[in-house]
$ cat query13.tsv   # TSV, C-alpha atoms
chain	number	residue	atom	x	y	z
A	1	GLY	CA	0.00	0.00	0.00
A	2	ASP	CA	1.00	3.65	0.15
A	3	GLY	CA	1.89	3.50	3.77
A	4	ASP	CA	-0.91	4.60	6.05
A	5	VAL	CA	-2.53	2.24	8.55
A	6	GLY	CA	-2.05	-1.30	7.28
A	7	GLN	CA	-4.26	-4.33	7.64
A	8	PRO	CA	-4.62	-5.46	11.25
A	9	SER	CA	-2.59	-8.34	12.56
A	10	SER	CA	-4.21	-11.04	14.66
A	11	ALA	CA	-3.15	-9.11	17.76
A	12	THR	CA	-5.21	-6.06	16.85
A	13	GLY	CA	-8.48	-7.91	16.47
A	14	SER	CA	-11.22	-6.88	14.07
A	15	ARG	CA	-11.84	-3.30	13.01
A	16	ARG	CA	-15.08	-1.37	13.13
A	17	TYR	CA	-15.50	1.43	10.61
A	18	GLN	CA	-17.56	4.59	10.60
A	19	LEU	CA	-17.83	6.49	7.34
A	20	MET	CA	-17.65	10.29	7.23
A	21	ARG	CA	-17.48	12.56	4.19
A	22	TYR	CA	-15.70	15.90	4.32
A	23	ARG	CA	-15.58	18.84	1.96
A	24	VAL	CA	-12.37	20.89	2.09
A	25	ARG	CA	-11.69	24.33	0.65
A	26	HIS	CA	-8.19	25.76	1.16
A	27	THR	CA	-7.60	29.30	-0.13
A	28	THR	CA	-4.14	30.91	-0.14
A	29	GLU	CA	-4.00	34.53	-1.28
A	30	TYR	CA	-0.92	36.60	-2.05
A	31	ARG	CA	-1.12	40.37	-2.61
A	32	TYR	CA	1.97	42.11	-4.02
A	33	SER	CA	2.83	45.79	-3.55
A	34	ALA	CA	3.98	45.98	-7.17
A	35	GLN	CA	3.05	44.03	-10.26
A	36	VAL	CA	4.98	40.83	-10.89
A	37	ILE	CA	5.75	39.45	-14.33
A	38	ASN	CA	5.19	35.77	-13.59
A	39	GLY	CA	5.00	33.35	-10.71
A	40	HIS	CA	5.61	29.68	-10.12
A	41	THR	CA	3.80	27.77	-7.36
A	42	VAL	CA	4.28	24.26	-5.99
A	43	ALA	CA	1.51	23.02	-3.71
A	44	HIS	CA	0.79	19.98	-1.55
A	45	LEU	CA	-2.97	20.46	-1.36
A	46	ARG	CA	-4.55	17.36	-2.88
A	47	PRO	CA	-5.44	14.62	-0.36
A	48	ARG	CA	-3.99	11.17	-1.00
A	49	GLN	CA	-5.61	7.77	-1.00
A	50	THR	CA	-4.94	5.71	2.12
A	51	PRO	CA	-6.51	2.55	3.53
A	52	THR	CA	-8.73	4.82	5.67
A	53	GLN	CA	-9.28	7.68	3.20
A	54	THR	CA	-10.91	7.70	-0.24
A	55	VAL	CA	-10.63	10.79	-2.40
A	56	ILE	CA	-13.96	11.48	-4.15
A	57	SER	CA	-12.86	14.62	-5.98
A	58	SER	CA	-9.90	16.99	-5.90
A	59	GLU	CA	-9.14	20.21	-7.80
A	60	VAL	CA	-6.45	22.89	-7.55
A	61	THR	CA	-7.04	26.18	-9.39
A	62	THR	CA	-5.50	29.65	-9.44
A	63	LEU	CA	-6.63	33.23	-10.04
A	64	PRO	CA	-5.35	34.41	-12.49
A	65	GLU	CA	-5.71	31.12	-14.34
A	66	ALA	CA	-2.42	29.24	-14.69
A	67	ASP	CA	-0.70	29.22	-18.07
A	68	HIS	CA	1.12	25.97	-17.32
A	69	VAL	CA	-0.15	23.10	-15.14
A	70	ASP	CA	1.52	19.90	-14.00
A	71	GLU	CA	0.54	17.18	-11.51
A	72	TYR	CA	3.00	14.60	-10.23
A	73	LEU	CA	3.91	12.43	-7.25
A	74	ASP	CA	6.90	13.25	-5.08
A	75	ALA	CA	9.31	10.75	-3.53
A	76	PHE	CA	6.85	10.03	-0.70
A	77	GLY	CA	3.89	9.42	-3.02
A	78	ASN	CA	2.26	12.76	-2.22
A	79	HIS	CA	0.34	14.67	-4.90
A	80	VAL	CA	2.16	17.81	-6.05
A	81	SER	CA	0.44	20.56	-8.06
A	82	TYR	CA	2.63	22.91	-10.11
A	83	ARG	CA	1.10	26.11	-11.47
A	84	ALA	CA	2.81	28.82	-13.52
A	85	VAL	CA	1.11	32.18	-14.06
A	86	GLU	CA	3.05	33.87	-16.86
A	87	GLN	CA	1.16	37.16	-17.05
A	88	VAL	CA	1.42	40.42	-15.17
A	89	HIS	CA	-0.49	40.30	-11.87
A	90	ASP	CA	-0.48	41.86	-8.40
A	91	GLN	CA	-2.56	39.16	-6.71
A	92	LEU	CA	-2.43	35.36	-6.77
A	93	VAL	CA	-5.06	33.08	-5.26
A	94	VAL	CA	-4.45	29.33	-5.01
A	95	ILE	CA	-7.59	27.29	-4.27
A	96	GLY	CA	-7.79	23.62	-3.35
A	97	GLN	CA	-11.26	22.01	-3.28
A	98	HIS	CA	-11.70	18.38	-2.29
A	99	GLU	CA	-14.17	15.79	-1.05
A	100	VAL	CA	-13.00	12.70	0.84
A	101	ASP	CA	-14.53	9.76	2.66
A	102	ILE	CA	-12.90	8.83	5.95
A	103	THR	CA	-13.15	5.50	7.75
A	104	THR	CA	-11.84	5.26	11.29
A	105	PRO	CA	-9.91	2.16	12.34
A	106	GLU	CA	-10.47	0.48	15.65
A	107	HIS	CA	-7.98	1.53	18.31
A	108	LEU	CA	-4.75	-0.45	18.25
A	109	ALA	CA	-4.71	-2.92	21.15
A	110	TRP	CA	-1.15	-4.26	20.99
A	111	SER	CA	2.34	-3.31	19.85
A	112	PRO	CA	5.88	-4.55	20.59
A	113	PRO	CA	7.97	-2.99	23.36
A	114	TRP	CA	9.46	0.21	21.95
A	115	GLU	CA	13.01	-1.09	22.22
A	116	GLU	CA	12.11	-3.97	19.90
A	117	VAL	CA	10.71	-1.58	17.30
A	118	ARG	CA	14.19	-0.13	16.73
A	119	THR	CA	15.60	-3.62	16.19
A	120	ILE	CA	12.82	-4.74	13.83
A	121	VAL	CA	12.89	-1.57	11.72
A	122	ALA	CA	16.65	-1.91	11.23
A	123	THR	CA	16.09	-5.03	9.08
A	124	ASP	CA	12.62	-4.27	7.63
A	125	GLY	CA	13.05	-4.20	3.86
A	126	SER	CA	9.42	-3.37	3.04
A	127	PRO	CA	8.55	0.07	1.57
A	128	ASP	CA	7.17	1.11	4.95
A	129	GLY	CA	10.27	-0.22	6.69
A	130	LEU	CA	12.53	1.78	4.40
A	131	LEU	CA	10.47	4.92	4.99
A	132	ALA	CA	10.56	4.23	8.72
A	133	ARG	CA	14.37	4.13	8.68
A	134	MET	CA	14.42	7.43	6.78
A	135	CYS	CA	12.11	8.85	9.45
A	136	SER	CA	14.31	7.65	12.31
A	137	ILE	CA	17.18	10.07	11.66
A	138	GLU	CA	17.82	13.80	11.43
A	139	SER	CA	16.00	15.80	8.74
A	140	THR	CA	15.94	19.44	7.66
A	141	LEU	CA	13.77	20.72	10.53
A	142	VAL	CA	14.13	17.94	13.12
A	143	THR	CA	17.48	17.42	14.84
A	144	PRO	CA	17.61	14.71	17.54
A	145	SER	CA	19.23	15.75	20.81
A	146	ALA	CA	19.96	14.59	24.34
A	147	ASP	CA	17.37	17.05	25.69
A	148	LEU	CA	14.67	15.63	23.42
A	149	ALA	CA	15.63	12.08	24.40
A	150	ARG	CA	15.40	13.10	28.07
A	151	PHE	CA	11.91	14.51	27.53
A	152	ALA	CA	10.84	11.29	25.78
A	153	SER	CA	12.27	9.05	28.51
A	154	TRP	CA	9.43	9.91	30.91
A	155	SER	CA	7.03	8.18	28.51
A	156	PHE	CA	9.30	5.51	27.03
A	157	LEU	CA	9.81	3.42	30.14
A	158	PRO	CA	11.74	0.14	29.83
A	159	GLY	CA	9.66	-2.57	28.14
A	160	ARG	CA	6.62	-0.37	27.60
A	161	ALA	CA	4.47	-1.14	24.55
A	162	PHE	CA	5.30	1.29	21.75
A	163	HIS	CA	1.76	2.58	21.23
A	164	GLU	CA	1.28	3.09	24.97
A	165	ALA	CA	4.47	5.13	25.21
A	166	VAL	CA	3.45	7.19	22.17
A	167	THR	CA	-0.01	7.82	23.61
A	168	ASP	CA	1.55	9.01	26.88
A	169	LEU	CA	3.98	11.28	25.01
A	170	SER	CA	1.10	12.82	23.05
A	171	HIS	CA	-0.82	13.50	26.25
A	172	ARG	CA	2.19	15.13	27.93
A	173	ILE	CA	2.73	17.50	25.00
A	174	PHE	CA	-0.98	18.34	25.01
A	175	ALA	CA	-1.00	18.96	28.78
A	176	GLU	CA	2.35	20.69	29.26
A	177	PHE	CA	2.55	22.95	26.19
A	178	SER	CA	0.50	26.02	25.27
A	179	PHE	CA	-0.89	26.63	21.78
A	180	ASP	CA	0.49	30.06	20.85
A	181	THR	CA	0.30	31.32	17.26
A	182	SER	CA	2.56	34.31	18.07
A	183	PHE	CA	5.49	32.29	19.40
A	184	SER	CA	7.05	30.48	16.46
A	185	ASP	CA	7.55	30.21	12.72
A	186	VAL	CA	8.93	27.46	10.51
A	187	SER	CA	12.52	28.33	11.49
A	188	THR	CA	12.02	28.22	15.27
A	189	PRO	CA	14.39	25.57	16.73
A	190	LEU	CA	12.86	22.64	18.57
A	191	ALA	CA	15.07	23.53	21.54
A	192	ASP	CA	13.13	26.80	21.92
A	193	VAL	CA	9.79	25.00	21.71
A	194	LEU	CA	10.94	22.57	24.41
A	195	THR	CA	12.31	25.33	26.65
A	196	HIS	CA	9.34	27.71	26.41
A	197	ARG	CA	6.68	25.00	26.25
A	198	ARG	CA	4.71	26.78	23.51
A	199	GLY	CA	4.08	26.60	19.81
A	200	VAL	CA	1.56	25.53	17.18
A	201	CYS	CA	0.55	22.21	15.67
A	202	GLN	CA	3.58	22.13	13.38
A	203	ASP	CA	5.88	22.61	16.38
A	204	PHE	CA	4.15	19.92	18.43
A	205	ALA	CA	4.34	17.47	15.54
A	206	HIS	CA	8.05	18.22	15.10
A	207	LEU	CA	8.54	17.93	18.87
A	208	ALA	CA	6.92	14.49	19.05
A	209	ILE	CA	8.94	13.38	16.02
A	210	GLY	CA	12.17	14.77	17.44
A	211	THR	CA	11.75	13.12	20.82
A	212	MET	CA	11.15	9.73	19.23
A	213	ARG	CA	13.97	10.05	16.70
A	214	SER	CA	16.25	10.93	19.62
A	215	LEU	CA	15.54	7.39	20.84
A	216	GLY	CA	16.11	5.94	17.37
A	217	LEU	CA	12.38	5.44	16.71
A	218	PRO	CA	10.55	6.07	13.40
A	219	ALA	CA	8.11	8.97	13.20
A	220	ARG	CA	6.93	10.90	10.14
A	221	TYR	CA	5.31	14.31	9.71
A	222	VAL	CA	1.72	14.41	8.41
A	223	SER	CA	0.05	17.43	6.82
A	224	GLY	CA	-3.70	17.80	6.42
A	225	TYR	CA	-6.87	19.27	7.88
A	226	ILE	CA	-9.35	18.84	10.71
A	227	GLU	CA	-13.04	19.71	10.61
A	228	ASN	CA	-14.00	23.28	11.49
A	229	GLU	CA	-17.25	22.57	13.29
A	230	PRO	CA	-17.30	20.09	16.16
A	231	ALA	CA	-19.97	17.46	16.57
A	232	PRO	CA	-22.81	18.40	18.96
A	233	GLY	CA	-21.53	18.46	22.52
A	234	LYS	CA	-17.86	18.36	21.43
A	235	THR	CA	-15.18	21.04	21.79
A	236	LYS	CA	-13.74	22.62	18.65
A	237	LEU	CA	-10.33	21.15	17.91
A	238	VAL	CA	-7.19	23.24	18.20
A	239	GLY	CA	-5.71	24.00	14.80
A	240	ALA	CA	-8.99	24.14	12.88
A	241	ASP	CA	-9.44	26.92	10.28
A	242	ALA	CA	-5.93	26.36	8.92
A	243	SER	CA	-3.73	23.58	7.63
A	244	HIS	CA	-3.06	21.13	10.43
A	245	ALA	CA	-0.09	18.93	11.25
A	246	TRP	CA	0.41	15.79	13.28
A	247	CYS	CA	2.72	12.79	13.13
A	248	ALA	CA	2.58	9.04	12.64
A	249	VAL	CA	4.69	6.23	14.07
A	250	TYR	CA	5.52	2.95	12.38
A	251	ILE	CA	4.44	-0.18	14.22
A	252	PRO	CA	6.02	-3.26	12.60
A	253	GLY	CA	3.45	-5.80	11.52
A	254	TRP	CA	0.62	-3.29	11.71
A	255	GLY	CA	1.42	-0.04	9.90
A	256	TRP	CA	1.46	3.66	10.66
A	257	LEU	CA	-0.44	4.96	13.68
A	258	ASP	CA	-1.42	8.63	13.44
A	259	VAL	CA	-0.82	10.77	16.55
A	260	ASP	CA	-2.11	14.35	17.05
A	261	PRO	CA	-0.39	15.81	20.15
A	262	THR	CA	-2.03	19.22	19.60
A	263	ASN	CA	-5.42	17.68	20.41
A	264	ASP	CA	-4.24	14.52	22.23
A	265	HIS	CA	-5.89	12.17	19.72
A	266	VAL	CA	-4.35	8.73	19.17
A	267	PRO	CA	-5.46	7.94	16.55
A	268	PRO	CA	-7.18	11.11	15.29
A	269	LEU	CA	-10.67	10.39	13.95
A	270	CYS	CA	-11.71	13.51	12.03
A	271	HIS	CA	-8.53	14.37	10.14
A	272	VAL	CA	-8.09	14.64	6.37
A	273	THR	CA	-4.63	13.52	5.25
A	274	VAL	CA	-2.91	15.45	2.46
A	275	GLY	CA	0.58	13.99	2.65
A	276	TRP	CA	3.59	13.04	4.73
A	277	GLY	CA	7.35	13.27	4.82
A	278	ARG	CA	10.27	13.65	7.19
A	279	ASP	CA	9.11	17.10	8.37
A	280	TYR	CA	7.25	20.22	7.23
A	281	ALA	CA	9.84	20.99	4.56
A	282	ASP	CA	8.76	17.89	2.61
A	283	VAL	CA	5.04	18.77	2.50
A	284	ALA	CA	4.67	22.56	2.81
A	285	PRO	CA	1.12	23.35	1.60
A	286	VAL	CA	2.05	26.18	-0.80
A	287	ARG	CA	5.41	27.63	-1.78
A	288	GLY	CA	6.67	29.47	-4.82
A	289	VAL	CA	8.63	32.28	-6.42
A	290	VAL	CA	7.66	35.40	-8.37
A	291	PHE	CA	9.64	37.55	-10.79
A	292	GLY	CA	9.35	41.31	-11.22
A	293	SER	CA	10.20	44.61	-9.56
A	294	PRO	CA	11.09	44.55	-5.85
A	295	ALA	CA	7.85	44.20	-3.89
A	296	THR	CA	6.46	43.18	-0.54
A	297	GLN	CA	3.71	40.63	-0.19
A	298	GLU	CA	0.75	40.04	2.09
A	299	LEU	CA	-0.36	36.47	2.70
A	300	SER	CA	-3.74	35.25	3.92
A	301	VAL	CA	-4.92	31.66	4.28
A	302	ALA	CA	-8.46	30.37	4.86
A	303	VAL	CA	-9.45	26.73	5.36
A	304	GLU	CA	-12.98	25.39	5.54
A	305	VAL	CA	-13.58	21.74	6.41
A	306	SER	CA	-17.18	20.61	6.75
A	307	ARG	CA	-18.79	17.25	7.32
A	308	ILE	CA	-21.34	16.66	4.56
A	309	GLY	CA	-22.47	13.13	5.37
A	310	ASP	CA	-21.85	10.16	7.65

$ encode --input "query13.tsv" --output "C-alpha cells"
Amino acid sequence: GDGDVGQPSSATGSRRYQLMRYRVRHTTEYRYSAQVINGHTVAHLRPRQTPTQTVISSEVTTLPEADHVDEYLDAFGNHVSYRAVEQVHDQLVVIGQHEVDITTPEHLAWSPPWEEVRTIVATDGSPDGLLARMCSIESTLVTPSADLARFASWSFLPGRAFHEAVTDLSHRIFAEFSFDTSFSDVSTPLADVLTHRRGVCQDFAHLAIGTMRSLGLPARYVSGYIENEPAPGKTKLVGADASHAWCAVYIPGWGWLDVDPTNDHVPPLCHVTVGWGRDYADVAPVRGVVFGSPATQELSVAVEVSRIGD
C-alpha cells in the first residue's frame, strides 16, 4: 500500500468502521505591492488515497488562471500541483477544493515494546520499513538531541508497549505545552519549543517526532486538515481553520499509527490527510517564487472543512 494504517494483525483484532465525508476548501491569497511578471507555485494540497481515506474529488485552481499546469507524485507518493502564471499580476489566489470519505480504524490494542521496534525496523526491507528508517534520523527541521531524548524518557519506560508510550507522550505534549500562534515560525528551533513550552501544531508534531527520533524510533510528519465545526456536545479542535499537522509512528506488523499531540488524539478520527514526509519541509502546503520589480507581499490563508455526510 501507500503506507498509512495497514491491515490489522491477529493481535489487533477486528476493526469497526464509521464512514464520514468531508468537503475541504483551502484558499491561499498573495497580494503584491507591485506588479509581478510571472509566478511559479508548488503546492501539496490534494489529499492522497490511504486505507482509511478515499478521495472522491480533488481540484487545484488559481486566479489568475495558470498558463502551465503539472501534476505529479513526489518521492513520498504525495500529490504535487505545479502552477505557472506567466502574465502580469499583483494578486495570486491558489484554491484547493476536495471531497473525501474517511473511515476510522479500531484503536490499536497491541504493539511490541518500543526497544524492539528499533531492532525490527533496522532489518525491515518493506517500503514502509525503508520509509521508517528514513524517518528515524535527522532531517531538515528535526534534529535529535539529548534534551529531546530526556523529555521522551518519561514516557518511554523500559519494556513499555510502543503505542502506549506514544499515547503518553502525546498526552504530555498536550497537557504541558500552550498553543500560541505568536510564538514560532517554521525556522524556530525545537530547543526553543521545548524550553518555552509553547508553539503551534507544526511545532508539536516536530517535537513528538524529534523526541522519538532521539531514541532511534521512526516517526513521520503528516500534513492535512481537521473539521472546522465540532460534533454536537464536542469542543472545537485546536488548529482548525488552517492547515493542520500531526505525526505518525511505524508499528512493525501493523502499519502507521497517526498521533495528534495538539489535540491529544491517538489515533485522530476527524482528520483529512494530504501527505507526509520527514518534516514540514517535505510537504509545505504552498510555496513558490515570483519575478518582477522589488515588492512586498501580504499572505492570507483560509481553510474550511465541513462534514457533509456520515

$ residues_around --input "query13.tsv" --residues "range 33-36 of chain A" --least-positions-apart "5" --cutoff "12 Å" --atoms "all atoms listed in the file" --output "VMD selection string"
chain A and resid 85 to 92 289 to 299

$ write_last_selection --input "query13.tsv" --atoms "C-alpha atoms" --output "PDB file, in the coordinates of the input"
ATOM      1  CA  VAL A  85       1.110  32.180 -14.060  1.00  0.00           C
ATOM      2  CA  GLU A  86       3.050  33.870 -16.860  1.00  0.00           C
ATOM      3  CA  GLN A  87       1.160  37.160 -17.050  1.00  0.00           C
ATOM      4  CA  VAL A  88       1.420  40.420 -15.170  1.00  0.00           C
ATOM      5  CA  HIS A  89      -0.490  40.300 -11.870  1.00  0.00           C
ATOM      6  CA  ASP A  90      -0.480  41.860  -8.400  1.00  0.00           C
ATOM      7  CA  GLN A  91      -2.560  39.160  -6.710  1.00  0.00           C
ATOM      8  CA  LEU A  92      -2.430  35.360  -6.770  1.00  0.00           C
ATOM      9  CA  VAL A 289       8.630  32.280  -6.420  1.00  0.00           C
ATOM     10  CA  VAL A 290       7.660  35.400  -8.370  1.00  0.00           C
ATOM     11  CA  PHE A 291       9.640  37.550 -10.790  1.00  0.00           C
ATOM     12  CA  GLY A 292       9.350  41.310 -11.220  1.00  0.00           C
ATOM     13  CA  SER A 293      10.200  44.610  -9.560  1.00  0.00           C
ATOM     14  CA  PRO A 294      11.090  44.550  -5.850  1.00  0.00           C
ATOM     15  CA  ALA A 295       7.850  44.200  -3.890  1.00  0.00           C
ATOM     16  CA  THR A 296       6.460  43.180  -0.540  1.00  0.00           C
ATOM     17  CA  GLN A 297       3.710  40.630  -0.190  1.00  0.00           C
ATOM     18  CA  GLU A 298       0.750  40.040   2.090  1.00  0.00           C
ATOM     19  CA  LEU A 299      -0.360  36.470   2.700  1.00  0.00           C
TER      20      LEU A 299
END

$ closest_atom_pairs --input "query13.tsv" --of "range 171-274 of chain A" --to "range 136-159 of chain A" --cutoff "7 Å" --atoms "all atoms listed in the file" --output "JSON lines"
{"residue": "A:His206", "atom": "CA", "partner": "A:Val142", "partner_atom": "CA", "distance": 6.4}
{"residue": "A:Gly210", "atom": "CA", "partner": "A:Pro144", "partner_atom": "CA", "distance": 5.4}
{"residue": "A:Thr211", "atom": "CA", "partner": "A:Leu148", "partner_atom": "CA", "distance": 4.6}
{"residue": "A:Met212", "atom": "CA", "partner": "A:Ala152", "partner_atom": "CA", "distance": 6.7}
{"residue": "A:Arg213", "atom": "CA", "partner": "A:Ser136", "partner_atom": "CA", "distance": 5.0}
{"residue": "A:Ser214", "atom": "CA", "partner": "A:Pro144", "partner_atom": "CA", "distance": 4.5}
{"residue": "A:Leu215", "atom": "CA", "partner": "A:Ala149", "partner_atom": "CA", "distance": 5.9}
{"residue": "A:Gly216", "atom": "CA", "partner": "A:Ser136", "partner_atom": "CA", "distance": 5.6}
{"residue": "A:Leu217", "atom": "CA", "partner": "A:Ser136", "partner_atom": "CA", "distance": 5.3}
{"residue": "A:Pro218", "atom": "CA", "partner": "A:Ser136", "partner_atom": "CA", "distance": 4.2}
{"residue": "A:Ala219", "atom": "CA", "partner": "A:Ser136", "partner_atom": "CA", "distance": 6.4}

$ atom_distance --input "query13.tsv" --atom1 "CA of Leu130 in chain A" --atom2 "CA of Tyr72 in chain A"
21.7 Å

$ axis_aligned_box --input "query13.tsv" --around "range 121-136 of chain A" --padding-each-side "4 Å" --output "lines of an AutoDock Vina configuration file"
center_x = 11.9
center_y = 1.9
center_z = 6.9
size_x = 17.5
size_y = 21.9
size_z = 18.7

$ residues_around --input "query13.tsv" --residues "Thr41 in chain A" --least-positions-apart "6" --cutoff "10 Å" --atoms "all atoms listed in the file" --output "list of chain:residue names"
A:Thr62, A:Ala66, A:Val69, A:Ser81, A:Tyr82, A:Arg83, A:Ala84, A:Val85, A:Leu92, A:Val94, A:Val286, A:Arg287, A:Gly288, A:Val289, A:Val290
